[in-house]
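With mmCIF, C-alpha atoms inside, this is my_file_3.cif:
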```
data_start
#
loop_
_atom_site.label_atom_id
_atom_site.label_comp_id
_atom_site.auth_asym_id
_atom_site.auth_seq_id
_atom_site.Cartn_x
_atom_site.Cartn_y
_atom_site.Cartn_z
CA MET A 1 10.64 -26.79 11.00
CA GLN A 2 9.62 -30.46 11.19
CA ASP A 3 7.14 -31.81 8.61
CA THR A 4 3.87 -32.62 10.36
CA VAL A 5 0.91 -34.90 9.62
CA LEU A 6 -2.51 -35.04 11.27
CA ILE A 7 -4.42 -38.35 11.10
CA ILE A 8 -8.19 -38.26 11.70
CA ASP A 9 -9.78 -41.71 12.11
CA ASP A 10 -12.35 -42.99 14.62
CA GLU A 11 -10.79 -46.46 14.62
CA LYS A 12 -8.07 -45.88 17.20
CA LYS A 13 -6.00 -48.97 16.35
CA ILE A 14 -5.84 -48.05 12.66
CA CYS A 15 -5.09 -44.45 13.58
CA SER A 16 -2.19 -45.49 15.87
CA LEU A 17 -0.81 -48.01 13.35
CA LEU A 18 -0.85 -45.47 10.52
CA ALA A 19 0.76 -42.88 12.81
CA ARG A 20 3.57 -45.31 13.65
CA ILE A 21 4.25 -46.05 9.96
CA ILE A 22 4.42 -42.34 9.09
CA GLU A 23 6.57 -41.53 12.15
CA LEU A 24 9.14 -44.06 10.94
CA GLU A 25 9.58 -41.81 7.88
CA GLY A 26 10.66 -38.96 10.16
CA PHE A 27 7.37 -37.03 10.24
CA LYS A 28 5.82 -35.64 13.40
CA VAL A 29 2.28 -37.04 13.71
CA PHE A 30 -0.82 -35.79 15.55
CA GLN A 31 -3.88 -38.01 16.03
CA ALA A 32 -7.61 -37.24 16.32
CA ASN A 33 -10.63 -39.58 16.44
CA THR A 34 -13.37 -37.12 15.39
CA GLY A 35 -13.68 -34.33 12.85
CA LYS A 36 -14.22 -31.76 15.58
CA GLU A 37 -11.11 -32.93 17.46
CA GLY A 38 -9.16 -32.83 14.20
CA LEU A 39 -10.17 -29.25 13.45
CA LYS A 40 -9.20 -28.20 16.97
CA THR A 41 -5.76 -29.83 16.59
CA LEU A 42 -5.36 -28.17 13.19
CA SER A 43 -6.05 -24.71 14.62
CA MET A 44 -3.64 -25.22 17.53
CA GLN A 45 -0.75 -27.07 15.84
CA ASP A 46 1.44 -26.39 12.82
CA VAL A 47 0.07 -29.10 10.49
CA ASN A 48 1.09 -29.59 6.85
CA VAL A 49 -0.80 -32.69 5.69
CA VAL A 50 -4.06 -34.23 6.93
CA ILE A 51 -5.04 -37.87 6.37
CA SER A 52 -8.75 -38.19 7.10
CA ASP A 53 -11.14 -41.12 7.07
CA VAL A 54 -14.31 -40.45 5.08
CA LYS A 55 -16.63 -42.06 7.68
CA LEU A 56 -16.31 -40.14 10.94
CA PRO A 57 -18.79 -40.05 13.88
CA ASP A 58 -19.48 -36.34 13.52
CA PHE A 59 -18.36 -35.47 9.98
CA ASN A 60 -18.31 -36.68 6.42
CA GLY A 61 -14.60 -36.67 5.65
CA VAL A 62 -15.24 -35.35 2.15
CA GLU A 63 -17.06 -32.30 3.61
CA LEU A 64 -14.37 -31.98 6.28
CA VAL A 65 -11.90 -31.03 3.53
CA LYS A 66 -13.70 -27.68 3.06
CA GLU A 67 -13.55 -26.93 6.79
CA ILE A 68 -9.83 -27.74 6.89
CA LYS A 69 -9.18 -25.42 3.94
CA LYS A 70 -11.06 -22.61 5.67
CA ILE A 71 -8.70 -22.79 8.65
CA LYS A 72 -5.44 -23.31 6.70
CA PRO A 73 -5.78 -23.04 2.91
CA TYR A 74 -2.26 -24.36 2.24
CA VAL A 75 -2.82 -27.69 4.09
CA GLU A 76 -3.24 -30.76 1.83
CA VAL A 77 -5.81 -33.44 2.67
CA ILE A 78 -5.73 -37.12 1.72
CA ASN A 79 -9.10 -38.88 2.12
CA LEU A 80 -9.18 -42.57 3.10
CA THR A 81 -12.30 -44.71 2.75
CA ALA A 82 -13.23 -48.35 3.23
CA PHE A 83 -15.78 -48.21 0.42
CA GLY A 84 -14.79 -45.76 -2.28
CA THR A 85 -17.31 -44.32 -4.71
CA ILE A 86 -16.69 -42.26 -7.82
CA SER A 87 -19.09 -39.53 -6.68
CA ASP A 88 -17.33 -39.19 -3.29
CA GLY A 89 -13.96 -39.14 -5.02
CA VAL A 90 -15.07 -36.40 -7.42
CA MET A 91 -16.58 -34.35 -4.57
CA ALA A 92 -13.43 -34.73 -2.45
CA MET A 93 -11.27 -33.36 -5.26
CA ARG A 94 -13.72 -30.50 -5.87
CA ASN A 95 -13.49 -29.61 -2.19
CA GLY A 96 -9.71 -29.40 -2.50
CA ALA A 97 -8.50 -32.86 -1.43
CA PHE A 98 -5.02 -33.85 -2.60
CA ASP A 99 -6.11 -37.43 -3.22
CA TYR A 100 -8.85 -39.97 -2.42
CA ILE A 101 -7.82 -43.60 -1.88
CA THR A 102 -9.43 -46.82 -0.67
CA LYS A 103 -8.21 -48.53 2.48
CA GLY A 104 -6.37 -51.72 1.63
CA ASP A 105 -4.91 -50.06 -1.46
CA ASP A 106 -3.11 -47.54 0.71
CA ASN A 107 -0.22 -49.68 1.93
CA ASP A 108 2.03 -48.87 -1.02
CA LYS A 109 0.44 -45.51 -1.85
CA ILE A 110 0.19 -43.63 1.43
CA ILE A 111 3.86 -42.82 2.08
CA PRO A 112 4.64 -41.61 -1.49
CA LEU A 113 1.39 -39.57 -1.36
CA VAL A 114 2.41 -37.96 1.93
CA TYR A 115 5.77 -36.97 0.45
CA LYS A 116 4.12 -35.49 -2.66
CA ALA A 117 1.54 -33.63 -0.58
CA MET A 118 4.30 -32.32 1.71
CA ASP A 119 6.26 -30.95 -1.27
CA LYS A 120 3.16 -29.17 -2.53
CA VAL A 121 2.43 -27.74 0.93
CA LYS A 122 5.95 -26.32 1.24
CA LEU A 123 5.55 -24.49 -2.05
CA GLN A 124 2.06 -23.25 -1.12
CA ARG A 125 3.25 -22.07 2.28
CA ARG A 126 6.01 -20.01 0.68
CA VAL A 127 3.45 -18.44 -1.66
CA PHE A 128 0.99 -17.94 1.22
CA GLU A 129 3.64 -16.31 3.43
CA LEU A 130 4.80 -14.10 0.55
CA GLU A 131 1.23 -12.98 -0.14
CA ASN A 132 0.74 -12.21 3.55
CA LYS A 133 3.99 -10.26 3.59
CA ILE A 134 2.91 -8.24 0.56
CA SER A 135 -0.55 -7.64 2.04
CA LYS A 136 1.01 -6.48 5.31
CA LYS A 137 3.46 -4.21 3.47
CA TYR A 138 0.64 -2.50 1.60
CA SER A 139 -2.02 -2.61 4.32
CA PHE A 140 -3.51 0.48 5.98
CA SER A 141 -1.54 -0.36 9.14
CA SER A 142 1.68 0.29 7.19
CA ILE A 143 0.66 3.90 6.44
CA LEU A 144 2.32 6.22 8.97
CA GLY A 145 0.40 8.97 10.67
CA GLN A 146 -1.52 9.78 13.84
CA SER A 147 -2.69 13.29 12.96
CA LYS A 148 -6.41 14.03 12.74
CA ALA A 149 -6.22 14.79 9.00
CA MET A 150 -4.48 11.49 8.26
CA LYS A 151 -6.85 9.46 10.42
CA GLU A 152 -9.82 10.95 8.58
CA ALA A 153 -8.33 10.01 5.18
CA LEU A 154 -7.51 6.47 6.39
CA ASP A 155 -11.01 6.02 7.79
CA LEU A 156 -12.56 6.89 4.43
CA ALA A 157 -10.18 4.59 2.56
CA GLN A 158 -10.91 1.66 4.87
CA LYS A 159 -14.65 2.11 4.42
CA VAL A 160 -14.45 2.05 0.62
CA ALA A 161 -11.80 -0.70 0.34
CA GLY A 162 -14.24 -3.59 0.63
CA THR A 163 -16.40 -2.34 -2.24
CA ASP A 164 -15.91 -2.11 -6.00
CA THR A 165 -16.58 1.63 -5.99
CA THR A 166 -14.36 3.86 -8.15
CA VAL A 167 -12.11 6.04 -5.97
CA LEU A 168 -10.53 9.42 -6.73
CA LEU A 169 -7.49 10.31 -4.62
CA LEU A 170 -6.73 14.02 -4.41
CA GLY A 171 -3.65 15.69 -3.00
CA GLU A 172 -0.33 17.38 -3.66
CA THR A 173 2.63 15.59 -5.20
CA GLY A 174 4.32 13.26 -2.72
CA THR A 175 1.38 12.84 -0.33
CA GLY A 176 1.22 9.06 -0.86
CA LYS A 177 -1.61 8.60 -3.33
CA GLU A 178 -0.19 5.37 -4.80
CA VAL A 179 0.41 4.00 -1.29
CA PHE A 180 -3.27 4.61 -0.52
CA ALA A 181 -4.31 2.99 -3.80
CA GLN A 182 -2.27 -0.11 -2.98
CA ALA A 183 -3.74 -0.32 0.52
CA ILE A 184 -7.28 -0.06 -0.84
CA HIS A 185 -6.50 -2.89 -3.31
CA TYR A 186 -4.80 -5.21 -0.81
CA GLU A 187 -7.60 -4.77 1.73
CA SER A 188 -10.27 -5.50 -0.88
CA PRO A 189 -11.75 -8.79 -2.15
CA ARG A 190 -9.51 -8.29 -5.22
CA LYS A 191 -6.29 -8.52 -3.17
CA ASN A 192 -5.16 -11.81 -4.77
CA LYS A 193 -5.58 -10.36 -8.27
CA PRO A 194 -3.28 -7.89 -10.06
CA PHE A 195 -2.65 -4.31 -8.97
CA VAL A 196 -1.53 -2.40 -12.07
CA ALA A 197 -0.34 1.22 -11.93
CA LEU A 198 -0.07 3.66 -14.84
CA ASN A 199 1.19 7.25 -14.66
CA CYS A 200 -0.79 9.13 -17.30
CA SER A 201 1.74 11.97 -17.42
CA GLY A 202 4.53 9.66 -18.58
CA PHE A 203 3.18 9.02 -22.10
CA ASN A 204 2.04 11.01 -25.12
CA PRO A 205 -1.67 10.52 -25.99
CA GLU A 206 -1.11 7.84 -28.67
CA LEU A 207 1.25 5.79 -26.55
CA LEU A 208 -1.00 6.14 -23.48
CA GLU A 209 -3.94 4.74 -25.45
CA SER A 210 -1.98 1.71 -26.64
CA GLU A 211 -0.64 1.08 -23.12
CA LEU A 212 -4.09 1.31 -21.61
CA PHE A 213 -6.19 -0.55 -24.19
CA GLY A 214 -3.63 -2.59 -26.13
CA TYR A 215 -3.70 -3.05 -29.90
CA LYS A 216 -4.13 -5.56 -32.70
CA GLN A 217 -1.39 -6.57 -35.09
CA GLY A 218 -1.09 -4.02 -37.91
CA ALA A 219 -2.93 -1.27 -36.01
CA PHE A 220 -0.05 1.09 -36.78
CA THR A 221 3.51 0.97 -38.10
CA GLY A 222 5.54 -1.24 -35.78
CA ALA A 223 2.56 -3.17 -34.40
CA SER A 224 3.96 -6.56 -35.45
CA LYS A 225 1.79 -8.59 -33.07
CA ASP A 226 -1.20 -8.26 -30.76
CA LYS A 227 -0.52 -6.52 -27.44
CA ARG A 228 -2.55 -6.77 -24.25
CA GLY A 229 -3.28 -3.43 -22.63
CA LEU A 230 -3.04 -2.69 -18.91
CA LEU A 231 -6.81 -2.96 -18.60
CA GLU A 232 -6.56 -6.63 -19.53
CA GLU A 233 -3.50 -7.09 -17.31
CA ALA A 234 -5.57 -5.77 -14.39
CA HIS A 235 -8.54 -8.08 -15.12
CA GLU A 236 -10.35 -8.97 -11.86
CA GLY A 237 -7.93 -6.69 -10.03
CA THR A 238 -7.32 -2.95 -9.72
CA LEU A 239 -6.04 -0.40 -12.23
CA PHE A 240 -4.49 2.70 -10.66
CA LEU A 241 -4.41 5.73 -12.97
CA ASP A 242 -2.07 8.32 -11.51
CA GLU A 243 -2.13 11.93 -12.76
CA ILE A 244 -5.49 11.32 -14.47
CA GLY A 245 -5.75 15.06 -15.16
CA GLU A 246 -3.04 14.71 -17.82
CA MET A 247 -5.21 12.41 -20.00
CA ASN A 248 -6.51 14.04 -23.19
CA LEU A 249 -10.23 14.48 -23.90
CA ASP A 250 -10.51 11.75 -26.57
CA LEU A 251 -9.00 9.15 -24.28
CA GLN A 252 -11.18 10.35 -21.41
CA ALA A 253 -14.26 9.45 -23.48
CA LYS A 254 -12.95 5.90 -23.95
CA LEU A 255 -12.15 5.58 -20.25
CA LEU A 256 -15.69 6.73 -19.42
CA ARG A 257 -17.01 3.76 -21.40
CA VAL A 258 -14.88 1.40 -19.32
CA LEU A 259 -16.24 2.88 -16.11
CA GLU A 260 -19.83 2.67 -17.33
CA ASN A 261 -19.95 -0.87 -18.77
CA GLN A 262 -16.44 -2.39 -18.41
CA THR A 263 -15.95 -2.59 -22.19
CA PHE A 264 -13.42 -1.08 -24.61
CA ILE A 265 -12.07 -1.48 -28.15
CA LYS A 266 -8.38 -2.06 -28.80
CA LEU A 267 -6.52 0.00 -31.36
CA GLY A 268 -7.03 -1.59 -34.78
CA ASP A 269 -9.83 -3.88 -33.57
CA THR A 270 -13.50 -3.96 -34.50
CA GLN A 271 -14.58 -6.24 -31.66
CA THR A 272 -15.50 -5.06 -28.18
CA SER A 273 -13.41 -6.44 -25.31
CA LYS A 274 -14.81 -6.84 -21.80
CA VAL A 275 -12.97 -6.67 -18.48
CA ASN A 276 -13.74 -6.79 -14.79
CA VAL A 277 -11.57 -4.13 -13.22
CA ARG A 278 -11.76 -1.58 -10.43
CA ILE A 279 -10.45 1.90 -11.21
CA ILE A 280 -8.65 4.06 -8.68
CA ALA A 281 -7.56 7.44 -10.06
CA ALA A 282 -5.37 10.15 -8.58
CA THR A 283 -4.51 13.76 -9.37
CA ASN A 284 -2.88 16.82 -7.87
CA ARG A 285 -5.09 19.05 -10.02
CA GLY A 286 -8.50 20.49 -9.24
CA LEU A 287 -10.49 18.35 -11.68
CA LYS A 288 -13.74 20.25 -11.15
CA GLU A 289 -12.02 23.50 -12.13
CA GLU A 290 -10.36 21.73 -15.07
CA ALA A 291 -13.78 20.45 -16.17
CA ASP A 292 -15.33 23.93 -15.86
CA ALA A 293 -12.50 25.25 -18.05
CA GLY A 294 -13.19 22.56 -20.68
CA ARG A 295 -9.92 20.68 -20.12
CA PHE A 296 -11.51 17.65 -18.47
CA ARG A 297 -14.78 15.88 -19.21
CA LEU A 298 -17.38 16.80 -16.60
CA ASP A 299 -19.17 13.44 -16.97
CA LEU A 300 -15.89 11.59 -16.36
CA TYR A 301 -15.17 13.78 -13.34
CA TYR A 302 -18.53 12.87 -11.79
CA ARG A 303 -17.97 9.18 -12.61
CA LEU A 304 -14.50 9.20 -11.05
CA SER A 305 -15.44 11.20 -7.99
CA VAL A 306 -18.12 8.81 -6.75
CA PHE A 307 -15.87 8.48 -3.70
CA SER A 308 -13.15 11.12 -3.27
CA ILE A 309 -10.45 11.14 -0.61
CA GLU A 310 -8.33 14.24 0.01
CA LEU A 311 -4.86 13.31 1.25
CA PRO A 312 -3.34 15.92 3.59
CA ASN A 313 0.05 17.47 2.88
CA LEU A 314 2.74 17.58 5.57
CA ALA A 315 1.81 21.16 6.46
CA GLN A 316 -1.60 19.80 7.52
CA ARG A 317 -0.06 16.98 9.56
CA LYS A 318 3.01 18.51 11.25
CA THR A 319 2.58 16.17 14.22
CA ASP A 320 3.45 13.24 11.94
CA ILE A 321 6.73 14.65 10.60
CA ILE A 322 9.04 13.37 13.36
CA MET A 323 7.40 9.92 13.37
CA ILE A 324 7.84 9.56 9.61
CA ALA A 325 11.42 10.86 9.77
CA LYS A 326 12.30 8.27 12.44
CA HIS A 327 10.74 5.52 10.33
CA TYR A 328 12.83 6.35 7.27
CA LEU A 329 16.01 6.85 9.30
CA LYS A 330 15.54 3.34 10.66
CA GLU A 331 14.76 1.92 7.22
CA PHE A 332 17.78 3.44 5.49
CA SER A 333 20.19 2.76 8.36
CA ALA A 334 19.23 -0.94 8.21
CA LYS A 335 19.95 -0.98 4.46
CA VAL A 336 23.51 0.24 4.95
CA ASN A 337 24.11 -1.74 8.17
CA LYS A 338 24.27 1.29 10.43
CA PRO A 339 22.85 1.34 13.99
CA ASP A 340 19.49 3.01 14.59
CA PHE A 341 19.65 6.81 14.50
CA THR A 342 18.69 9.30 17.14
CA MET A 343 17.83 12.93 16.33
CA ASP A 344 19.18 15.92 18.23
CA GLU A 345 17.01 18.92 19.09
CA SER A 346 18.36 21.23 16.38
CA PHE A 347 17.65 18.55 13.75
CA THR A 348 14.00 18.11 14.80
CA GLU A 349 13.51 21.89 14.96
CA LEU A 350 14.63 22.30 11.36
CA LEU A 351 12.41 19.41 10.23
CA LEU A 352 9.36 21.07 11.80
CA LYS A 353 10.18 24.53 10.39
CA HIS A 354 10.86 23.32 6.84
CA VAL A 355 8.25 23.89 4.11
CA TRP A 356 7.85 20.38 2.69
CA LYS A 357 6.82 21.18 -0.88
CA GLY A 358 7.56 17.57 -1.93
CA ASN A 359 5.75 16.18 1.13
CA ILE A 360 6.53 12.59 2.19
CA ARG A 361 8.58 11.89 -0.93
CA GLU A 362 10.87 14.82 -0.09
CA LEU A 363 11.10 13.81 3.57
CA LYS A 364 12.05 10.26 2.58
CA ASN A 365 14.80 11.51 0.25
CA VAL A 366 16.20 13.87 2.90
CA MET A 367 16.39 11.05 5.48
CA GLU A 368 18.25 8.85 3.00
CA ARG A 369 20.77 11.68 2.46
CA VAL A 370 21.20 12.08 6.24
CA VAL A 371 21.99 8.38 6.72
CA ILE A 372 24.54 8.44 3.88
CA LEU A 373 26.33 11.57 5.15
CA ALA A 374 26.35 10.75 8.86
CA ASP A 375 29.61 9.48 10.38
CA GLY A 376 27.86 8.31 13.53
CA ASN A 377 24.26 7.46 14.34
CA VAL A 378 23.05 10.90 15.46
CA ALA A 379 21.04 13.00 13.01
CA THR A 380 22.29 16.57 13.42
CA ALA A 381 21.33 19.86 11.77
CA ASN A 382 24.54 20.08 9.71
CA LEU A 383 23.47 16.94 7.78
CA LEU A 384 20.41 18.69 6.34
CA PRO A 385 20.49 20.47 2.94
CA TYR A 386 21.37 24.17 2.72
CA GLU A 387 17.79 25.34 2.19
CA PHE A 388 16.79 24.10 5.65
CA HIS A 389 19.22 26.56 7.23
CA SER A 390 18.46 29.46 4.86
CA GLU A 391 14.75 29.15 5.67
CA VAL A 392 15.52 29.58 9.37
CA GLN A 393 17.79 32.54 8.64
CA GLU A 394 15.02 34.19 6.62
CA GLU A 395 12.54 33.48 9.40
CA ASP A 396 14.88 34.91 12.05
CA SER A 397 15.52 37.95 9.84
CA MET A 398 11.78 38.58 9.54
CA LYS A 399 11.40 38.31 13.30
CA MET A 400 14.22 40.83 13.80
CA GLN A 401 12.58 43.24 11.35
CA VAL A 402 9.28 43.05 13.23
CA MET A 403 11.05 43.67 16.54
CA GLU A 404 13.02 46.60 15.07
CA LYS A 405 9.87 48.18 13.66
CA GLN A 406 8.08 47.88 17.00
CA HIS A 407 11.05 49.32 18.88
CA ILE A 408 11.46 52.34 16.58
CA ASN A 409 7.74 53.07 16.73
CA LYS A 410 7.80 52.86 20.51
CA VAL A 411 10.73 55.31 20.80
CA ILE A 412 9.10 57.81 18.38
CA LYS A 413 5.93 57.75 20.47
CA HIS A 414 8.02 58.22 23.62
CA THR A 415 9.63 61.36 22.13
CA ARG A 416 6.21 62.55 20.90
CA GLY A 417 7.39 62.63 17.32
CA ASN A 418 10.75 64.33 17.95
CA LYS A 419 12.86 62.56 15.29
CA THR A 420 16.20 64.05 16.42
CA GLU A 421 15.65 62.86 20.02
CA ALA A 422 14.40 59.48 18.80
CA ALA A 423 17.52 59.02 16.64
CA ARG A 424 19.72 59.89 19.66
CA LEU A 425 17.94 57.38 21.91
CA LEU A 426 18.14 54.70 19.20
CA GLY A 427 21.84 55.36 18.67
CA ILE A 428 21.47 55.90 14.92
CA GLY A 429 21.83 58.85 12.58
CA LEU A 430 18.79 61.00 11.71
CA THR A 431 19.09 59.99 8.01
CA THR A 432 19.06 56.30 9.00
CA LEU A 433 15.97 56.89 11.14
CA TYR A 434 14.08 58.48 8.22
CA ARG A 435 15.09 55.58 5.96
CA LYS A 436 13.88 53.05 8.54
CA MET A 437 10.60 54.95 8.98
CA GLU A 438 10.04 54.90 5.22
CA GLU A 439 10.91 51.18 5.03
CA TYR A 440 8.52 50.29 7.85
CA LYS A 441 5.90 52.85 6.79
CA LEU A 442 6.00 54.70 10.12
CA SER A 443 4.79 58.28 10.40
#
```

As structure tokens, how would this structure be written, given the file I've shared?
Amino acid sequence: MQDTVLIIDDEKKICSLLARIIELEGFKVFQANTGKEGLKTLSMQDVNVVISDVKLPDFNGVELVKEIKKIKPYVEVINLTAFGTISDGVMAMRNGAFDYITKGDDNDKIIPLVYKAMDKVKLQRRVFELENKISKKYSFSSILGQSKAMKEALDLAQKVAGTDTTVLLLGETGTGKEVFAQAIHYESPRKNKPFVALNCSGFNPELLESELFGYKQGAFTGASKDKRGLLEEAHEGTLFLDEIGEMNLDLQAKLLRVLENQTFIKLGDTQTSKVNVRIIAATNRGLKEEADAGRFRLDLYYRLSVFSIELPNLAQRKTDIIMIAKHYLKEFSAKVNKPDFTMDESFTELLLKHVWKGNIRELKNVMERVVILADGNVATANLLPYEFHSEVQEEDSMKMQVMEKQHINKVIKHTRGNKTEAARLLGIGLTTLYRKMEEYKLS
């Protein structure tokens, strides 16, 4: 991609002369003679650096910097002026200008400045594109599902994302609670700040406290220096507390204080620390029932559940199963350089009949296994784990038992209770008939 410069100057001769000088350096140059024309060019063209006169017919070039940054934050602006003032120079830099120079002094400065600004833009564009990529990866649009239950959960999450409200995500293991938490963060005003996740079930109570709040040097044996906790790491961003139901009661009281006034005390400290952090919590437990049983603080439950979202399991969103399976087949086949997979009918039937106790996490793992085992690019039933087939066998067996019971009952009624005649018509021994009647509770 060619490096591009936009020159905004109402003096056309100066604008053309400057454009010619910069073009000789190999840059592609656009020209505009008003601020409005410059902004239009900026929005339509891929511009990296803007050189703008301060005195324009319709704009103050210093104020124009802010408008340019609104359209493309990564673009660098160099202000040129015939009569430079300190106050204008200071304001230009505050508004985000790369530099502010006086005409006449620019002959030796302008080209080196353009090169420096261009280098900075390239770095900023890489960061900007990476941030956009991350935001897209964790956006609500990346969450798969068209079922009614999933749409309802997404609608709630989108409504709360733009606020600072504490959110409690409820649902079975593997339903995507952390994915939802990330989407809420990256669609919020805090998206450019840290997203920090902590699984409360992965630590004992003492270690969980030190991870969450941090500690001062000498707080306990082995604390050789101060340590920042995850609350501080998430400052101005979002802290996601997964499996919050595993947190002990003492630590719950300290977390309640954070939720109420954004303050906490580190282990071994006497001073109060303050943070600005949004809390998103998740659990697969019934916290209200846990609170009623005395295993979870009721006041913390009410503080966490200001806005609750129940994430549906795969049994509640069967219409999404094939879509999600196709997505992961495509993802894993790309990783191992295999062509896109298709699914045969027997494969999709088993997917829909399976009881997905691990939900999306289980489905993802199964699709990875299928891609690894497949010799071609067709997902077939024989690639699925044994339990998928045994479930169907059990289901078919149950269906056969129901049919057998109905048939025996029908024949007994036909013979008006004559067991010997019924056994003859059924083609079984009389003893077998009595055993079947006892098994199926037939009289």

Leaving out Glu421 in chain A and any residue of its chain fewer than 5 positions from it, which residues lie within 12 Å of it when counting all atoms listed in the file, given as number ranges by chain? A: 408, 411-416, 426-430, 433

Return the single residue from A:Ile86, A:Met91, A:Leu207, A:Leu6 that is closest to Val114 in chain A, with distances computed using all atoms listed in the file.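 Smallest distance to Val114 in chain A is found for A:Leu6.
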
Rank A:Ser346, A:Gln252, A:Thr272, A:Asn337 by their smallest atom-to-atom distance to Arg297 in chain A, using only C-alpha atoms, and report the top residue only.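 The closest residue to Arg297 in chain A is A:Gln252.
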
Find the residue from A:Lys405, A:Leu249, A:Tyr74, A:Asp340 that sits nearest to Gly294 in chain A; use only C-alpha atoms when measuring. A:Leu249

Evaluate the PyMOL selection byres ((chain A and resi 153) around 12) against this structure - the residues, as a VMD selection string, please. chain A and resid 140 143 to 152 154 to 160 169 to 171 175 to 177 180 184 307 to 313 317

Can you spell out as a tab-separated table (two decimals) with C-alpha atoms, in the coordinates of the input the set of residues that the PyMOL selection byres ((chain A and resi 101) around 6) selects in the structure I just provided?
```tsv
chain	number	residue	atom	x	y	z
A	80	LEU	CA	-9.18	-42.57	3.10
A	100	TYR	CA	-8.85	-39.97	-2.42
A	102	THR	CA	-9.43	-46.82	-0.67
```

I'd like to know which of A:Glu63, A:Glu404, A:Asp164, A:Asp99 is closest to Glu76 in chain A, using only C-alpha atoms.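 Ranking A:Glu63, A:Glu404, A:Asp164, A:Asp99 by distance to Glu76 in chain A, first place goes to A:Asp99.
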
So that I can see what lies close to Gly376 in chain A, please list as a ChimeraX atom specification the residues with an atom at most 10 Å from it, counting all atoms listed in the file and leaving out residues fewer than 2 positions away in the same chain. /A:338-342,371,373-374,378-380

Reconstructed N, CA, C and O atoms for range 56-67 of chain A, given as a CSV table (one decimal), in the frame of the given file:
```
chain,number,residue,atom,x,y,z
A,56,LEU,N,-16.6,-40.6,9.6
A,56,LEU,CA,-16.3,-40.1,10.9
A,56,LEU,C,-17.6,-40.0,11.7
A,56,LEU,O,-18.7,-39.8,11.1
A,57,PRO,N,-17.6,-40.1,13.1
A,57,PRO,CA,-18.8,-40.0,13.9
A,57,PRO,C,-19.6,-38.7,13.7
A,57,PRO,O,-20.8,-38.7,13.8
A,58,ASP,N,-18.8,-37.6,13.5
A,58,ASP,CA,-19.5,-36.3,13.5
A,58,ASP,C,-19.3,-35.6,12.2
A,58,ASP,O,-19.8,-34.5,12.1
A,59,PHE,N,-18.6,-36.2,11.2
A,59,PHE,CA,-18.4,-35.5,10.0
A,59,PHE,C,-18.3,-36.5,8.8
A,59,PHE,O,-17.9,-37.6,9.0
A,60,ASN,N,-18.7,-36.0,7.6
A,60,ASN,CA,-18.3,-36.7,6.4
A,60,ASN,C,-16.9,-36.2,6.0
A,60,ASN,O,-16.7,-35.0,5.8
A,61,GLY,N,-16.0,-37.1,5.9
A,61,GLY,CA,-14.6,-36.7,5.6
A,61,GLY,C,-14.4,-35.9,4.4
A,61,GLY,O,-13.5,-35.0,4.3
A,62,VAL,N,-15.3,-36.1,3.4
A,62,VAL,CA,-15.2,-35.4,2.2
A,62,VAL,C,-15.6,-33.9,2.4
A,62,VAL,O,-15.0,-33.0,1.9
A,63,GLU,N,-16.7,-33.7,3.2
A,63,GLU,CA,-17.1,-32.3,3.6
A,63,GLU,C,-16.1,-31.7,4.6
A,63,GLU,O,-15.9,-30.4,4.6
A,64,LEU,N,-15.4,-32.5,5.3
A,64,LEU,CA,-14.4,-32.0,6.3
A,64,LEU,C,-13.2,-31.3,5.6
A,64,LEU,O,-12.6,-30.3,6.1
A,65,VAL,N,-13.0,-31.7,4.3
A,65,VAL,CA,-11.9,-31.0,3.5
A,65,VAL,C,-12.1,-29.5,3.4
A,65,VAL,O,-11.2,-28.7,3.6
A,66,LYS,N,-13.4,-29.1,3.2
A,66,LYS,CA,-13.7,-27.7,3.1
A,66,LYS,C,-13.4,-26.9,4.4
A,66,LYS,O,-12.9,-25.8,4.3
A,67,GLU,N,-13.8,-27.6,5.5
A,67,GLU,CA,-13.6,-26.9,6.8
A,67,GLU,C,-12.1,-26.8,7.1
A,67,GLU,O,-11.6,-25.8,7.6
```
